[in-house]
$ cat final14.pdb   # PDB, C-alpha atoms, pLDDT in the B column
ATOM      1  CA  ARG A  10       0.000   0.000   0.000  1.00 58.00           C
ATOM      2  CA  VAL A  11       1.010   3.579  -0.453  1.00 65.00           C
ATOM      3  CA  GLY A  12       2.184   5.606   2.499  1.00 68.00           C
ATOM      4  CA  ALA A  13       0.178   8.316   4.247  1.00 69.00           C
ATOM      5  CA  VAL A  14       0.811  11.679   5.846  1.00 74.00           C
ATOM      6  CA  ASN A  15      -0.410  12.029   9.404  1.00 74.00           C
ATOM      7  CA  PRO A  16      -2.971  14.881   9.381  1.00 77.00           C
ATOM      8  CA  LEU A  17      -2.070  16.033  12.906  1.00 79.00           C
ATOM      9  CA  TRP A  18       1.730  16.124  12.681  1.00 76.00           C
ATOM     10  CA  GLY A  19       2.366  16.123   8.926  1.00 76.00           C
ATOM     11  CA  VAL A  20       4.718  13.140   9.309  1.00 74.00           C
ATOM     12  CA  TYR A  21       4.967  10.670   6.432  1.00 70.00           C
ATOM     13  CA  ILE A  22       4.174   7.151   7.563  1.00 68.00           C
ATOM     14  CA  ALA A  23       4.682   4.143   5.325  1.00 66.00           C
ATOM     15  CA  PRO A  24       2.956   1.838   4.764  1.00 62.00           C
ATOM     16  CA  ASN A  25      -0.526   3.255   5.238  1.00 58.00           C
ATOM     17  CA  ASP A  26      -1.360   0.487   7.690  1.00 60.00           C
ATOM     18  CA  ASN A  27       0.408  -2.570   8.927  1.00 72.00           C
ATOM     19  CA  VAL A  28      -1.144  -5.577  10.656  1.00 75.00           C
ATOM     20  CA  LEU A  29       1.444  -7.556  12.580  1.00 79.00           C
ATOM     21  CA  VAL A  30      -0.885 -10.035  14.306  1.00 83.00           C
ATOM     22  CA  GLY A  31      -4.587 -10.670  14.016  1.00 91.00           C
ATOM     23  CA  ALA A  32      -6.294 -13.770  15.344  1.00 95.00           C
ATOM     24  CA  TYR A  33      -9.472 -14.918  17.025  1.00 95.00           C
ATOM     25  CA  GLY A  34     -10.987 -18.021  18.544  1.00 98.00           C
ATOM     26  CA  LEU A  35     -14.722 -18.707  18.843  1.00 97.00           C
ATOM     27  CA  LEU A  36     -16.364 -21.349  21.008  1.00 97.00           C
ATOM     28  CA  GLY A  37     -20.126 -21.801  21.015  1.00 97.00           C
ATOM     29  CA  TYR A  38     -22.818 -24.444  21.160  1.00 96.00           C
ATOM     30  CA  ARG A  39     -26.436 -24.244  19.946  1.00 93.00           C
ATOM     31  CA  PHE A  40     -28.959 -26.120  22.076  1.00 93.00           C
ATOM     32  CA  ASP A  41     -32.192 -27.483  20.621  1.00 89.00           C
ATOM     33  CA  TRP A  42     -34.326 -25.695  23.218  1.00 88.00           C
ATOM     34  CA  LEU A  43     -35.316 -22.277  21.744  1.00 86.00           C
ATOM     35  CA  GLY A  44     -32.148 -22.315  19.645  1.00 89.00           C
ATOM     36  CA  ILE A  45     -30.144 -20.962  22.572  1.00 95.00           C
ATOM     37  CA  MET A  46     -26.457 -20.530  21.791  1.00 96.00           C
ATOM     38  CA  PRO A  47     -23.992 -19.253  24.377  1.00 97.00           C
ATOM     39  CA  TYR A  48     -20.589 -18.309  22.976  1.00 97.00           C
ATOM     40  CA  VAL A  49     -17.194 -16.903  23.888  1.00 98.00           C
ATOM     41  CA  LEU A  50     -14.881 -15.120  21.460  1.00 97.00           C
ATOM     42  CA  LEU A  51     -11.323 -14.026  22.184  1.00 97.00           C
ATOM     43  CA  GLN A  52      -9.402 -11.948  19.665  1.00 95.00           C
ATOM     44  CA  THR A  53      -6.179  -9.994  19.392  1.00 93.00           C
ATOM     45  CA  PHE A  54      -4.888  -7.345  17.014  1.00 87.00           C
ATOM     46  CA  GLU A  55      -1.509  -5.678  16.767  1.00 85.00           C
ATOM     47  CA  GLY A  56      -0.565  -3.181  14.105  1.00 81.00           C
ATOM     48  CA  THR A  57       0.133   0.395  13.108  1.00 74.00           C
ATOM     49  CA  VAL A  58      -2.590   2.922  12.353  1.00 67.00           C
ATOM     50  CA  ALA A  59      -1.244   5.738  10.196  1.00 62.00           C
ATOM     51  CA  GLU A  60      -4.021   8.241  10.927  1.00 63.00           C
ATOM     52  CA  VAL A  61      -2.962   8.552  14.560  1.00 65.00           C
ATOM     53  CA  ALA A  62       0.709   7.529  14.151  1.00 64.00           C
ATOM     54  CA  ALA A  63       0.217   4.842  16.755  1.00 71.00           C
ATOM     55  CA  HIS A  64       1.162   1.265  17.279  1.00 74.00           C
ATOM     56  CA  ILE A  65      -1.902  -0.477  18.689  1.00 79.00           C
ATOM     57  CA  HIS A  66      -2.131  -3.779  20.501  1.00 84.00           C
ATOM     58  CA  ALA A  67      -5.689  -4.633  21.524  1.00 87.00           C
ATOM     59  CA  ASN A  68      -7.245  -7.763  22.995  1.00 92.00           C
ATOM     60  CA  GLU A  69     -10.970  -8.404  23.215  1.00 94.00           C
ATOM     61  CA  LEU A  70     -13.092 -10.902  25.106  1.00 97.00           C
ATOM     62  CA  MET A  71     -16.741 -11.302  24.075  1.00 97.00           C
ATOM     63  CA  VAL A  72     -19.313 -13.359  25.936  1.00 98.00           C
ATOM     64  CA  GLY A  73     -22.722 -13.611  24.360  1.00 97.00           C
ATOM     65  CA  LEU A  74     -26.020 -15.376  24.028  1.00 97.00           C
ATOM     66  CA  ASN A  75     -28.081 -15.892  20.856  1.00 95.00           C
ATOM     67  CA  ILE A  76     -31.689 -16.984  21.202  1.00 94.00           C
ATOM     68  CA  ARG A  77     -33.471 -18.159  18.048  1.00 92.00           C
ATOM     69  CA  PRO A  78     -36.986 -19.302  18.996  1.00 90.00           C
ATOM     70  CA  ILE A  79     -37.937 -19.550  15.285  1.00 89.00           C
ATOM     71  CA  ASP A  80     -35.734 -19.584  12.192  1.00 86.00           C
ATOM     72  CA  VAL A  81     -36.510 -16.003  11.112  1.00 91.00           C
ATOM     73  CA  PHE A  82     -36.074 -14.271  14.505  1.00 92.00           C
ATOM     74  CA  VAL A  83     -32.902 -13.874  16.593  1.00 93.00           C
ATOM     75  CA  PHE A  84     -32.230 -12.020  19.848  1.00 95.00           C
ATOM     76  CA  LYS A  85     -28.594 -11.408  20.757  1.00 96.00           C
ATOM     77  CA  ALA A  86     -27.026 -10.123  23.972  1.00 97.00           C
ATOM     78  CA  GLU A  87     -23.291  -9.561  24.112  1.00 97.00           C
ATOM     79  CA  CYS A  88     -20.774  -8.233  26.635  1.00 97.00           C
ATOM     80  CA  ARG A  89     -17.382  -7.072  25.314  1.00 96.00           C
ATOM     81  CA  HIS A  90     -14.254  -6.222  27.244  1.00 95.00           C
ATOM     82  CA  ILE A  91     -11.334  -4.651  25.349  1.00 91.00           C
ATOM     83  CA  TRP A  92      -7.928  -3.983  26.871  1.00 89.00           C
ATOM     84  CA  PHE A  93      -4.693  -2.564  25.554  1.00 85.00           C
ATOM     85  CA  PRO A  94      -1.558  -4.314  26.884  1.00 82.00           C
ATOM     86  CA  GLY A  95       0.715  -1.552  25.523  1.00 71.00           C
ATOM     87  CA  GLY A  96      -1.393   1.211  27.076  1.00 64.00           C
ATOM     88  CA  TYR A  97      -1.583   4.744  25.632  1.00 58.00           C
ATOM     89  CA  VAL A  98      -4.781   4.102  23.631  1.00 58.00           C
ATOM     90  CA  LEU A  99      -7.773   5.745  25.326  1.00 55.00           C
ATOM     91  CA  ALA A 100      -5.422   6.544  28.210  1.00 58.00           C
ATOM     92  CA  GLY A 101      -4.603   2.826  28.429  1.00 66.00           C
ATOM     93  CA  ARG A 102      -7.900   2.075  30.118  1.00 79.00           C
ATOM     94  CA  PRO A 103      -9.962  -1.019  29.315  1.00 86.00           C
ATOM     95  CA  VAL A 104     -13.298  -0.513  27.575  1.00 87.00           C
ATOM     96  CA  SER A 105     -16.412  -2.548  28.380  1.00 93.00           C
ATOM     97  CA  LEU A 106     -19.569  -2.607  26.275  1.00 94.00           C
ATOM     98  CA  LEU A 107     -22.956  -4.253  26.545  1.00 97.00           C
ATOM     99  CA  GLN A 108     -25.067  -4.547  23.403  1.00 96.00           C
ATOM    100  CA  PHE A 109     -28.373  -6.067  22.381  1.00 97.00           C
ATOM    101  CA  GLN A 110     -29.713  -6.877  18.936  1.00 96.00           C
ATOM    102  CA  LEU A 111     -32.990  -8.068  17.469  1.00 95.00           C
ATOM    103  CA  ALA A 112     -32.966  -9.471  13.930  1.00 94.00           C
ATOM    104  CA  TRP A 113     -35.867 -10.558  11.780  1.00 94.00           C
ATOM    105  CA  ALA A 114     -35.189 -12.147   8.392  1.00 87.00           C
ATOM    106  CA  PHE A 115     -38.021 -11.963   5.898  1.00 79.00           C
TER     107      PHE A 115
END
$ encode --input "final14.pdb" --output "structure tokens"
Amino acid sequence: RVGAVNPLWGVYIAPNDNVLVGAYGLLGYRFDWLGIMPYVLLQTFEGTVAEVAAHIHANELMVGLNIRPIDVFVFKAECRHIWFPGGYVLAGRPVSLLQFQLAWAF
């Protein structure tokens, strides 16, 4: 990829982005009863983001529950926890999120 100029500092950074490590693992099981599926996902990312001239290392743990009472309707609840082993991103503080989703396929 072509390089980029950081808009804040005017520093040329090449390449535009660079992913050093990216991986995830997903473990889940769907039960017959109401199509309930608990799952756990763990992922990691390490790379350089040119727009902020930063090297980012982030890990994320997701724990969720999908409920599919019928084939065309799904309810999803998910808790995410993201932490930055190298610090400095978002003041190095972990971020936790809780999200809900309803989906209807027609």
$ resolve_selection --input "final14.pdb" --expression "the PyMOL selection byres ((chain A and resi 40-56) around 8)" --output "PDB file with C-alpha atoms, in the frame of the given file"
ATOM      1  CA  ASP A  26      -1.360   0.487   7.690  1.00 60.00           C
ATOM      2  CA  ASN A  27       0.408  -2.570   8.927  1.00 72.00           C
ATOM      3  CA  VAL A  28      -1.144  -5.577  10.656  1.00 75.00           C
ATOM      4  CA  LEU A  29       1.444  -7.556  12.580  1.00 79.00           C
ATOM      5  CA  VAL A  30      -0.885 -10.035  14.306  1.00 83.00           C
ATOM      6  CA  GLY A  31      -4.587 -10.670  14.016  1.00 91.00           C
ATOM      7  CA  ALA A  32      -6.294 -13.770  15.344  1.00 95.00           C
ATOM      8  CA  TYR A  33      -9.472 -14.918  17.025  1.00 95.00           C
ATOM      9  CA  GLY A  34     -10.987 -18.021  18.544  1.00 98.00           C
ATOM     10  CA  LEU A  35     -14.722 -18.707  18.843  1.00 97.00           C
ATOM     11  CA  LEU A  36     -16.364 -21.349  21.008  1.00 97.00           C
ATOM     12  CA  GLY A  37     -20.126 -21.801  21.015  1.00 97.00           C
ATOM     13  CA  TYR A  38     -22.818 -24.444  21.160  1.00 96.00           C
ATOM     14  CA  ARG A  39     -26.436 -24.244  19.946  1.00 93.00           C
ATOM     15  CA  THR A  57       0.133   0.395  13.108  1.00 74.00           C
ATOM     16  CA  VAL A  58      -2.590   2.922  12.353  1.00 67.00           C
ATOM     17  CA  HIS A  64       1.162   1.265  17.279  1.00 74.00           C
ATOM     18  CA  ILE A  65      -1.902  -0.477  18.689  1.00 79.00           C
ATOM     19  CA  HIS A  66      -2.131  -3.779  20.501  1.00 84.00           C
ATOM     20  CA  ALA A  67      -5.689  -4.633  21.524  1.00 87.00           C
ATOM     21  CA  ASN A  68      -7.245  -7.763  22.995  1.00 92.00           C
ATOM     22  CA  GLU A  69     -10.970  -8.404  23.215  1.00 94.00           C
ATOM     23  CA  LEU A  70     -13.092 -10.902  25.106  1.00 97.00           C
ATOM     24  CA  MET A  71     -16.741 -11.302  24.075  1.00 97.00           C
ATOM     25  CA  VAL A  72     -19.313 -13.359  25.936  1.00 98.00           C
ATOM     26  CA  GLY A  73     -22.722 -13.611  24.360  1.00 97.00           C
ATOM     27  CA  LEU A  74     -26.020 -15.376  24.028  1.00 97.00           C
ATOM     28  CA  ASN A  75     -28.081 -15.892  20.856  1.00 95.00           C
ATOM     29  CA  ILE A  76     -31.689 -16.984  21.202  1.00 94.00           C
ATOM     30  CA  ARG A  77     -33.471 -18.159  18.048  1.00 92.00           C
ATOM     31  CA  PRO A  78     -36.986 -19.302  18.996  1.00 90.00           C
ATOM     32  CA  ILE A  79     -37.937 -19.550  15.285  1.00 89.00           C
TER      33      ILE A  79
END
$ atom_distance --input "final14.pdb" --atom1 "atom CA of Arg102 of chain A" --atom2 "atom CA of His90 of chain A"
10.8 Å
$ atom_distance --input "final14.pdb" --atom1 "atom CA of Leu111 of chain A" --atom2 "atom CA of Ile91 of chain A"
23.3 Å
$ atom_distance --input "final14.pdb" --atom1 "atom CA of Leu17 of chain A" --atom2 "atom CA of Ala63 of chain A"
12.1 Å
$ resolve_selection --input "final14.pdb" --expression "the PyMOL selection byres ((chain A and resi 109) around 12)" --output "ChimeraX atom specification"
/A:73-76,83-89,106-108,110-112
